[in-house]
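Enquirer: As input, take final.cif (mmCIF, C-alpha atoms):
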```cif
data_upload
loop_
_atom_site.label_atom_id
_atom_site.label_comp_id
_atom_site.auth_asym_id
_atom_site.auth_seq_id
_atom_site.Cartn_x
_atom_site.Cartn_y
_atom_site.Cartn_z
CA GLN H 12 0.00 0.00 0.00
CA VAL H 13 1.38 3.37 -1.03
CA SER H 14 1.57 5.94 1.74
CA GLN H 15 -0.35 9.16 1.14
CA ALA H 16 1.94 11.14 3.48
CA PRO H 17 4.36 12.31 0.71
CA LEU H 18 1.40 13.43 -1.41
CA LEU H 19 -0.10 15.41 1.47
CA HIS H 20 3.27 16.95 2.36
CA SER H 21 3.79 17.96 -1.26
CA ALA H 22 0.30 19.50 -1.46
CA ILE H 23 0.83 21.51 1.73
CA THR H 24 4.28 22.68 0.59
CA HIS H 25 2.93 23.87 -2.75
CA THR H 26 -0.04 25.54 -1.04
CA ILE H 27 2.26 27.51 1.26
CA ALA H 28 4.36 28.53 -1.74
CA ASP H 29 1.27 29.68 -3.67
CA LEU H 30 0.02 31.74 -0.73
CA LYS H 31 3.43 33.34 -0.21
CA LYS H 32 3.39 34.51 -3.82
CA MET H 33 0.07 36.28 -3.18
CA ALA H 34 1.48 38.24 -0.26
CA VAL H 35 3.29 41.54 -0.71
CA PRO H 36 6.95 40.70 0.09
CA THR H 37 7.59 43.89 2.10
CA ALA H 38 4.34 43.96 4.10
CA PRO H 39 2.23 41.46 6.05
CA CYS H 40 -0.84 40.07 4.29
CA ARG H 41 -4.16 39.06 5.79
CA PHE H 42 -5.34 35.58 4.77
CA ALA H 43 -8.89 34.23 5.10
CA PHE H 44 -9.18 30.48 5.71
CA VAL H 45 -12.65 28.95 5.27
CA PHE H 46 -13.01 25.33 6.41
CA PRO H 47 -15.72 23.01 7.79
CA MET H 48 -15.97 21.39 11.19
CA ALA H 49 -14.74 18.06 9.75
CA SER H 50 -11.24 17.50 11.16
CA GLY H 51 -9.99 15.66 8.07
CA HIS H 52 -10.74 18.73 5.97
CA ILE H 53 -9.35 21.41 8.27
CA ASN H 54 -6.28 19.62 9.71
CA PRO H 55 -4.06 19.98 6.59
CA SER H 56 -4.68 23.75 6.65
CA LEU H 57 -3.28 24.18 10.17
CA PRO H 58 0.44 23.90 9.29
CA VAL H 59 -0.17 26.31 6.41
CA ALA H 60 -1.66 28.81 8.85
CA ARG H 61 1.13 28.28 11.37
CA SER H 62 3.77 28.89 8.67
CA LEU H 63 2.12 32.10 7.48
CA VAL H 64 1.77 33.44 11.03
CA ALA H 65 5.46 32.66 11.67
CA LEU H 66 6.30 34.76 8.60
CA GLY H 67 4.47 37.73 10.11
CA HIS H 68 1.17 37.44 8.24
CA GLU H 69 -2.36 37.40 9.72
CA VAL H 70 -4.59 34.36 9.29
CA HIS H 71 -8.32 34.54 10.01
CA TYR H 72 -10.42 31.37 10.07
CA LEU H 73 -14.14 31.12 9.41
CA CYS H 74 -15.21 27.85 11.02
CA ARG H 75 -17.26 26.24 13.81
CA ASP H 76 -16.65 26.71 17.53
CA GLN H 77 -15.53 23.08 17.91
CA MET H 78 -12.33 23.95 16.00
CA ARG H 79 -11.52 27.16 17.89
CA GLU H 80 -8.76 25.69 20.09
CA ALA H 81 -6.90 24.03 17.21
CA ILE H 82 -7.17 27.20 15.13
CA GLU H 83 -5.99 29.56 17.84
CA ASP H 84 -3.09 27.21 18.62
CA THR H 85 -1.62 28.16 15.21
CA GLY H 86 -1.68 31.86 16.13
CA SER H 87 -4.65 32.47 13.85
CA VAL H 88 -7.82 34.42 14.68
CA PHE H 89 -11.04 32.42 14.99
CA HIS H 90 -14.39 33.69 13.65
CA SER H 91 -17.64 31.78 14.18
CA GLU H 92 -19.30 30.65 10.98
CA VAL H 93 -22.66 30.49 12.74
CA GLU H 94 -22.42 34.12 13.91
CA GLN H 95 -21.29 35.38 10.52
CA MET H 96 -24.03 33.63 8.51
CA PRO H 97 -27.43 34.49 10.02
CA GLU H 98 -29.08 34.05 6.60
CA LEU H 99 -28.37 30.31 6.86
CA TYR H 100 -28.40 29.59 10.58
CA GLU H 101 -30.95 31.90 12.18
CA GLY H 102 -34.00 29.86 13.18
CA ARG H 103 -32.54 26.62 11.81
CA GLU H 104 -30.98 23.53 13.36
CA ILE H 105 -27.18 23.48 13.06
CA ASP H 106 -25.59 20.24 11.82
CA LEU H 107 -22.35 19.00 10.25
CA PHE H 108 -23.36 20.12 6.76
CA GLY H 109 -24.65 23.55 7.70
CA ALA H 110 -28.38 23.45 8.35
CA THR H 111 -29.21 20.54 6.07
CA GLU H 112 -31.87 18.86 8.20
CA SER H 113 -33.84 22.09 8.58
CA LEU H 114 -33.54 22.84 4.86
CA LYS H 115 -34.70 19.32 4.03
CA ARG H 116 -37.89 19.98 5.95
CA GLU H 117 -38.35 23.41 4.35
CA TYR H 118 -38.06 21.95 0.84
CA GLY H 119 -39.96 18.72 1.49
CA LEU H 120 -36.91 16.48 1.15
CA GLU H 121 -37.22 14.54 4.43
CA ASN H 122 -37.63 11.21 2.63
CA GLU H 123 -34.80 11.75 0.14
CA SER H 124 -31.52 9.85 0.42
CA PHE H 125 -28.51 11.69 1.84
CA MET H 126 -26.82 12.07 -1.56
CA THR H 127 -29.97 13.30 -3.30
CA ALA H 128 -30.92 15.78 -0.57
CA VAL H 129 -27.42 17.24 -0.19
CA SER H 130 -27.05 17.58 -3.96
CA LYS H 131 -30.38 19.37 -4.28
CA LEU H 132 -29.64 21.70 -1.38
CA MET H 133 -26.03 22.52 -2.30
CA MET H 134 -26.71 25.69 -4.27
CA ILE H 135 -29.47 26.77 -1.87
CA SER H 136 -27.02 26.50 1.03
CA ASN H 137 -24.37 28.37 -0.92
CA GLU H 138 -26.83 31.16 -1.69
CA LEU H 139 -27.63 31.49 2.03
CA MET H 140 -23.94 31.38 3.04
CA LEU H 141 -22.73 33.85 0.43
CA PRO H 142 -23.92 37.17 1.99
CA GLY H 143 -22.25 36.40 5.33
CA THR H 144 -19.05 35.18 3.68
CA ILE H 145 -18.80 38.36 1.59
CA ARG H 146 -19.43 40.57 4.64
CA TRP H 147 -16.77 38.70 6.61
CA LEU H 148 -14.13 38.92 3.87
CA ARG H 149 -14.77 42.65 3.61
CA ALA H 150 -14.70 43.12 7.38
CA ILE H 151 -11.29 41.49 7.81
CA ASN H 152 -9.99 43.05 4.58
CA ALA H 153 -8.73 39.70 3.28
CA GLY H 154 -5.92 39.71 0.75
CA ALA H 155 -6.25 36.04 -0.24
CA VAL H 156 -8.50 33.07 0.55
CA LEU H 157 -7.70 29.41 1.29
CA TYR H 158 -10.71 27.09 1.44
CA CYS H 159 -12.02 23.53 1.33
CA PRO H 160 -13.43 23.00 -2.19
CA LEU H 161 -15.54 20.04 -1.09
CA MET H 162 -17.51 21.72 1.69
CA ASN H 163 -16.87 25.46 1.38
CA SER H 164 -17.36 26.44 -2.23
CA ASN H 165 -19.14 29.53 -0.85
CA ALA H 166 -15.66 30.92 -0.14
CA ALA H 167 -14.66 30.56 -3.79
CA PHE H 168 -17.82 32.33 -4.95
CA ALA H 169 -17.35 35.14 -2.41
CA ALA H 170 -13.69 35.60 -3.38
CA GLN H 171 -14.69 35.80 -7.03
CA VAL H 172 -17.34 38.43 -6.28
CA LEU H 173 -14.76 40.53 -4.41
CA SER H 174 -11.92 39.83 -6.89
CA ILE H 175 -9.76 38.29 -4.15
CA PRO H 176 -7.24 35.55 -5.09
CA SER H 177 -8.23 32.13 -3.77
CA VAL H 178 -6.60 28.71 -3.41
CA ALA H 179 -8.46 25.41 -2.92
CA LEU H 180 -6.82 22.95 -0.51
CA LEU H 181 -7.96 19.47 -1.52
CA THR H 182 -7.59 17.31 1.58
CA THR H 183 -8.61 13.87 0.35
CA ALA H 184 -6.19 10.96 0.07
CA GLY H 185 -4.59 11.37 -3.33
CA PRO H 186 -5.65 11.17 -7.01
CA GLY H 187 -8.93 9.39 -7.66
CA SER H 188 -10.15 9.55 -4.07
CA ILE H 189 -13.04 11.92 -4.82
CA GLN H 190 -14.46 9.64 -7.49
CA ARG H 191 -14.31 6.63 -5.16
CA THR H 192 -16.02 8.56 -2.38
CA TYR H 193 -18.71 9.78 -4.78
CA VAL H 194 -19.40 6.25 -6.04
CA GLU H 195 -19.62 4.95 -2.45
CA PHE H 196 -22.09 7.70 -1.47
CA LEU H 197 -24.24 6.80 -4.48
CA ARG H 198 -24.17 3.13 -3.48
CA MET H 199 -25.12 3.94 0.12
CA SER H 200 -27.97 6.11 -1.14
CA GLN H 201 -29.17 3.31 -3.42
CA THR H 202 -29.11 5.55 -6.47
CA THR H 203 -27.11 5.95 -9.67
CA GLU H 204 -25.46 8.93 -11.31
CA GLU H 205 -28.13 8.94 -14.03
CA MET H 206 -30.94 8.88 -11.47
CA LEU H 207 -29.34 11.69 -9.48
CA VAL H 208 -28.90 13.89 -12.56
CA LYS H 209 -32.59 13.41 -13.41
CA GLU H 210 -33.61 14.25 -9.83
CA LEU H 211 -31.59 17.46 -9.92
CA LYS H 212 -33.04 18.50 -13.28
CA ASP H 213 -36.57 17.96 -12.00
CA PHE H 214 -35.96 19.76 -8.70
CA GLN H 215 -37.49 23.23 -8.50
#
```
Can you turn what I pasted into C-alpha cells?

Expert:
Amino acid sequence: QVSQAPLLHSAITHTIADLKKMAVPTAPCRFAFVFPMASGHINPSLPVARSLVALGHEVHYLCRDQMREAIEDTGSVFHSEVEQMPELYEGREIDLFGATESLKREYGLENESFMTAVSKLMMISNELMLPGTIRWLRAINAGAVLYCPLMNSNAAFAAQVLSIPSVALLTTAGPGSIQRTYVEFLRMSQTTEEMLVKELKDFQ
C-alpha cells in the first residue's frame, strides 16, 4: 500500500508557496481560511496557517466553535461561521453540513436519500452562506483566501465576487479519491449517477 503522506506533504508545501506569492513581500498580508468542522478537511490547513503566522502574516479562520482551540493554537484568529451567517443559521438547526436537516424539511426532502438531498440543497445552502461570507471577507480586509473546495465552495464564490485571489486545498487521500467517495455515497444512497442527474433537473 502506497503511503499518502508524501502526497499530502507535497500539497501543503505547494499551497504555502502559492500563498506566499500572493502576499506583498515587504508587508504582512491578511489571509482568510474557510473550512468546515470536519477534522480531516481542516487539519491539513493548520500547518499552512502556522507557517504564514510565523512569517508575520495574519490568518483569520471562518469555522465552527468546535475547532476554535486548534485554530488559535496556530496563532490564527477564529471567527464563528454560525455568527457570521445568520441568513443560513438563524431559526434553523445546526448540523455537520450547515443546516441541512432544517432545509430538508423546508423543501420537502425529508424522505430523500442523503446524496440526493445534499445535492439538491447545495446551491441553496451556498446562496444562504454567500452574503455572510462576503461581509466577513470585507470586514477582515482579506488579501487572499484558502478554502475547502468540497464543503466550502461559498468561499470561492465570495472571493470571485470581491476579486480576491483564492486557493483550494484538496484534503482527500490522493488522485482518484473523490471519485471513489462519490461512487460509495451513491451506493449507500441506493441511487445511480443517471438517477441523481434526473432528480436534480426535476428539482425546483

Enquirer: Could you tell me which residues the PyMOL selection byres ((chain H and resi 203-209) around 12) returns for this structure, as a ChimeraX atom specification?

Expert: /H:123-131,190,193-202,210-214

Enquirer: Skip segment 78-82 of chain H itself and residues of its chain fewer than 5 positions away, then list as a ChimeraX atom specification all residues within 10 Å of it, counting all atoms listed in the file.

Expert: /H:46-50,53-54,56-57,60-61,70-73,87-91

Enquirer: Put those residues in a file: C-alpha atoms, as a short mmCIF file (atom, residue, chain, number, x, y, z; two decimals), in the frame of the given file.

Expert:
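Below is the file that was written, out-v7.cif:
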```cif
data_model
loop_
_atom_site.label_atom_id
_atom_site.label_comp_id
_atom_site.auth_asym_id
_atom_site.auth_seq_id
_atom_site.Cartn_x
_atom_site.Cartn_y
_atom_site.Cartn_z
CA PHE H 46 -13.01 25.33 6.41
CA PRO H 47 -15.72 23.01 7.79
CA MET H 48 -15.97 21.39 11.19
CA ALA H 49 -14.74 18.06 9.75
CA SER H 50 -11.24 17.50 11.16
CA ILE H 53 -9.35 21.41 8.27
CA ASN H 54 -6.28 19.62 9.71
CA SER H 56 -4.68 23.75 6.65
CA LEU H 57 -3.28 24.18 10.17
CA ALA H 60 -1.66 28.81 8.85
CA ARG H 61 1.13 28.28 11.37
CA VAL H 70 -4.59 34.36 9.29
CA HIS H 71 -8.32 34.54 10.01
CA TYR H 72 -10.42 31.37 10.07
CA LEU H 73 -14.14 31.12 9.41
CA SER H 87 -4.65 32.47 13.85
CA VAL H 88 -7.82 34.42 14.68
CA PHE H 89 -11.04 32.42 14.99
CA HIS H 90 -14.39 33.69 13.65
CA SER H 91 -17.64 31.78 14.18
#
```

Enquirer: Find the residues near Phe42 of chain H: any atom within 9 Å, counting all atoms listed in the file, skip ones fewer than 4 places away on the same chain, and give them as a ChimeraX atom specification.

Expert: /H:30,34,60,63,68-72,151-157

Enquirer: Would you mind reading off the distance between atom CA of Tyr100 of chain H and atom CA of Ile145 of chain H, one decimal, in Å?

Expert: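 Between atom CA of Tyr100 of chain H and atom CA of Ile145 of chain H the gap works out to 15.8 Å.
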
Enquirer: Kindly give the distance, in Å, that separates atom CA of Met96 of chain H and atom CA of Met162 of chain H, rounded to a single decimal.

Expert: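 So the answer is 15.2 Å.
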
Enquirer: Padding 6 Å on each side, edges along x, y and z: where is the centre of the box around the listed atoms of segment 78-91 of chain H, and how long are its edges in Å to one decimal? Output it as AutoDock Vina command-line options.

Expert:
```
--center_x -9.6 --center_y 29.2 --center_z 16.9 --size_x 28.0 --size_y 22.5 --size_z 18.4
```

Enquirer: Taking all atoms listed in the file into account, name the residue in H:Ile135, H:Pro160, H:Ala65, H:Pro55 that is nearest to Val178 of chain H.

Expert: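 With all atoms listed in the file as the atom set, the closest residue is H:Pro160.
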
Enquirer: Kindly indicate which residue among H:Thr183, H:Asn137, H:Gln77, H:Gln171 lies nearest to Gly109 of chain H, using all atoms listed in the file for the distances.

Expert: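 Looking at the shortest contact to Gly109 of chain H, the residue is H:Asn137.
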
Enquirer: Which residues, written as a list in words, have at least one atom at most 12 Å from Arg103 of chain H, with all atoms listed in the file counted and residues fewer than 3 positions away on the same chain left out?

Expert: Val93, Met96, Pro97, Glu98, Leu99, Tyr100, Asp106, Gly109, Ala110, Thr111, Glu112, Ser113, Leu114, Lys115, Arg116, Glu117 and Leu139 of chain H

Enquirer: Could those selected residues go to a file with C-alpha atoms, as a short mmCIF file (atom, residue, chain, number, x, y, z; two decimals), keeping the file's coordinate frame?

Expert:
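Generated output (part.cif):
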```
data_model
loop_
_atom_site.label_atom_id
_atom_site.label_comp_id
_atom_site.auth_asym_id
_atom_site.auth_seq_id
_atom_site.Cartn_x
_atom_site.Cartn_y
_atom_site.Cartn_z
CA VAL H 93 -22.66 30.49 12.74
CA MET H 96 -24.03 33.63 8.51
CA PRO H 97 -27.43 34.49 10.02
CA GLU H 98 -29.08 34.05 6.60
CA LEU H 99 -28.37 30.31 6.86
CA TYR H 100 -28.40 29.59 10.58
CA ASP H 106 -25.59 20.24 11.82
CA GLY H 109 -24.65 23.55 7.70
CA ALA H 110 -28.38 23.45 8.35
CA THR H 111 -29.21 20.54 6.07
CA GLU H 112 -31.87 18.86 8.20
CA SER H 113 -33.84 22.09 8.58
CA LEU H 114 -33.54 22.84 4.86
CA LYS H 115 -34.70 19.32 4.03
CA ARG H 116 -37.89 19.98 5.95
CA GLU H 117 -38.35 23.41 4.35
CA LEU H 139 -27.63 31.49 2.03
#
```

Enquirer: Counting all atoms listed in the file, which residue out of H:Ala38, H:Ala43, H:Ile105, H:Val64 sits closest to Ser177 of chain H?

Expert: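 For Ser177 of chain H, the nearest of the given residues is H:Ala43.
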
Enquirer: To one decimal place, how far is atom CA of Gly102 of chain H from atom CA of Gly143 of chain H in Å?

Expert: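 Separation of atom CA of Gly102 of chain H and atom CA of Gly143 of chain H: 15.6 Å.
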
Enquirer: Kindly output segment 84-95 of chain H as a PDB file, in the coordinates of the input, after building N, CA, C and O atoms.

Expert:
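Ended up saving to rebuild_24.pdb:
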```
ATOM      1  N   ASP H  84      -4.412  27.759  18.302  1.00  0.00           N
ATOM      2  CA  ASP H  84      -3.090  27.210  18.620  1.00  0.00           C
ATOM      3  C   ASP H  84      -2.069  27.517  17.521  1.00  0.00           C
ATOM      4  O   ASP H  84      -0.865  27.518  17.785  1.00  0.00           O
ATOM      5  N   THR H  85      -2.542  27.812  16.306  1.00  0.00           N
ATOM      6  CA  THR H  85      -1.620  28.160  15.210  1.00  0.00           C
ATOM      7  C   THR H  85      -1.245  29.642  15.227  1.00  0.00           C
ATOM      8  O   THR H  85      -0.394  30.070  14.445  1.00  0.00           O
ATOM      9  N   GLY H  86      -1.887  30.415  16.116  1.00  0.00           N
ATOM     10  CA  GLY H  86      -1.680  31.860  16.130  1.00  0.00           C
ATOM     11  C   GLY H  86      -2.665  32.608  15.268  1.00  0.00           C
ATOM     12  O   GLY H  86      -2.586  33.830  15.117  1.00  0.00           O
ATOM     13  N   SER H  87      -3.634  31.863  14.717  1.00  0.00           N
ATOM     14  CA  SER H  87      -4.650  32.470  13.850  1.00  0.00           C
ATOM     15  C   SER H  87      -5.808  33.019  14.681  1.00  0.00           C
ATOM     16  O   SER H  87      -5.962  32.700  15.859  1.00  0.00           O
ATOM     17  N   VAL H  88      -6.636  33.830  14.040  1.00  0.00           N
ATOM     18  CA  VAL H  88      -7.820  34.420  14.680  1.00  0.00           C
ATOM     19  C   VAL H  88      -9.044  33.612  14.273  1.00  0.00           C
ATOM     20  O   VAL H  88      -9.267  33.360  13.082  1.00  0.00           O
ATOM     21  N   PHE H  89      -9.831  33.205  15.254  1.00  0.00           N
ATOM     22  CA  PHE H  89     -11.040  32.420  14.990  1.00  0.00           C
ATOM     23  C   PHE H  89     -12.253  33.329  14.838  1.00  0.00           C
ATOM     24  O   PHE H  89     -12.438  34.283  15.597  1.00  0.00           O
ATOM     25  N   HIS H  90     -13.109  33.014  13.841  1.00  0.00           N
ATOM     26  CA  HIS H  90     -14.390  33.690  13.650  1.00  0.00           C
ATOM     27  C   HIS H  90     -15.470  32.619  13.507  1.00  0.00           C
ATOM     28  O   HIS H  90     -15.300  31.658  12.753  1.00  0.00           O
ATOM     29  N   SER H  91     -16.570  32.776  14.195  1.00  0.00           N
ATOM     30  CA  SER H  91     -17.640  31.780  14.180  1.00  0.00           C
ATOM     31  C   SER H  91     -18.456  31.858  12.892  1.00  0.00           C
ATOM     32  O   SER H  91     -19.043  32.892  12.568  1.00  0.00           O
ATOM     33  N   GLU H  92     -18.495  30.751  12.196  1.00  0.00           N
ATOM     34  CA  GLU H  92     -19.300  30.650  10.980  1.00  0.00           C
ATOM     35  C   GLU H  92     -20.776  30.906  11.276  1.00  0.00           C
ATOM     36  O   GLU H  92     -21.474  31.584  10.517  1.00  0.00           O
ATOM     37  N   VAL H  93     -21.248  30.357  12.383  1.00  0.00           N
ATOM     38  CA  VAL H  93     -22.660  30.490  12.740  1.00  0.00           C
ATOM     39  C   VAL H  93     -23.022  31.958  12.962  1.00  0.00           C
ATOM     40  O   VAL H  93     -24.072  32.433  12.500  1.00  0.00           O
ATOM     41  N   GLU H  94     -22.152  32.710  13.655  1.00  0.00           N
ATOM     42  CA  GLU H  94     -22.420  34.120  13.910  1.00  0.00           C
ATOM     43  C   GLU H  94     -22.347  34.970  12.644  1.00  0.00           C
ATOM     44  O   GLU H  94     -23.085  35.953  12.513  1.00  0.00           O
ATOM     45  N   GLN H  95     -21.491  34.586  11.734  1.00  0.00           N
ATOM     46  CA  GLN H  95     -21.290  35.380  10.520  1.00  0.00           C
ATOM     47  C   GLN H  95     -22.313  35.100   9.434  1.00  0.00           C
ATOM     48  O   GLN H  95     -22.415  35.857   8.473  1.00  0.00           O
TER      49      GLN H  95
END
```
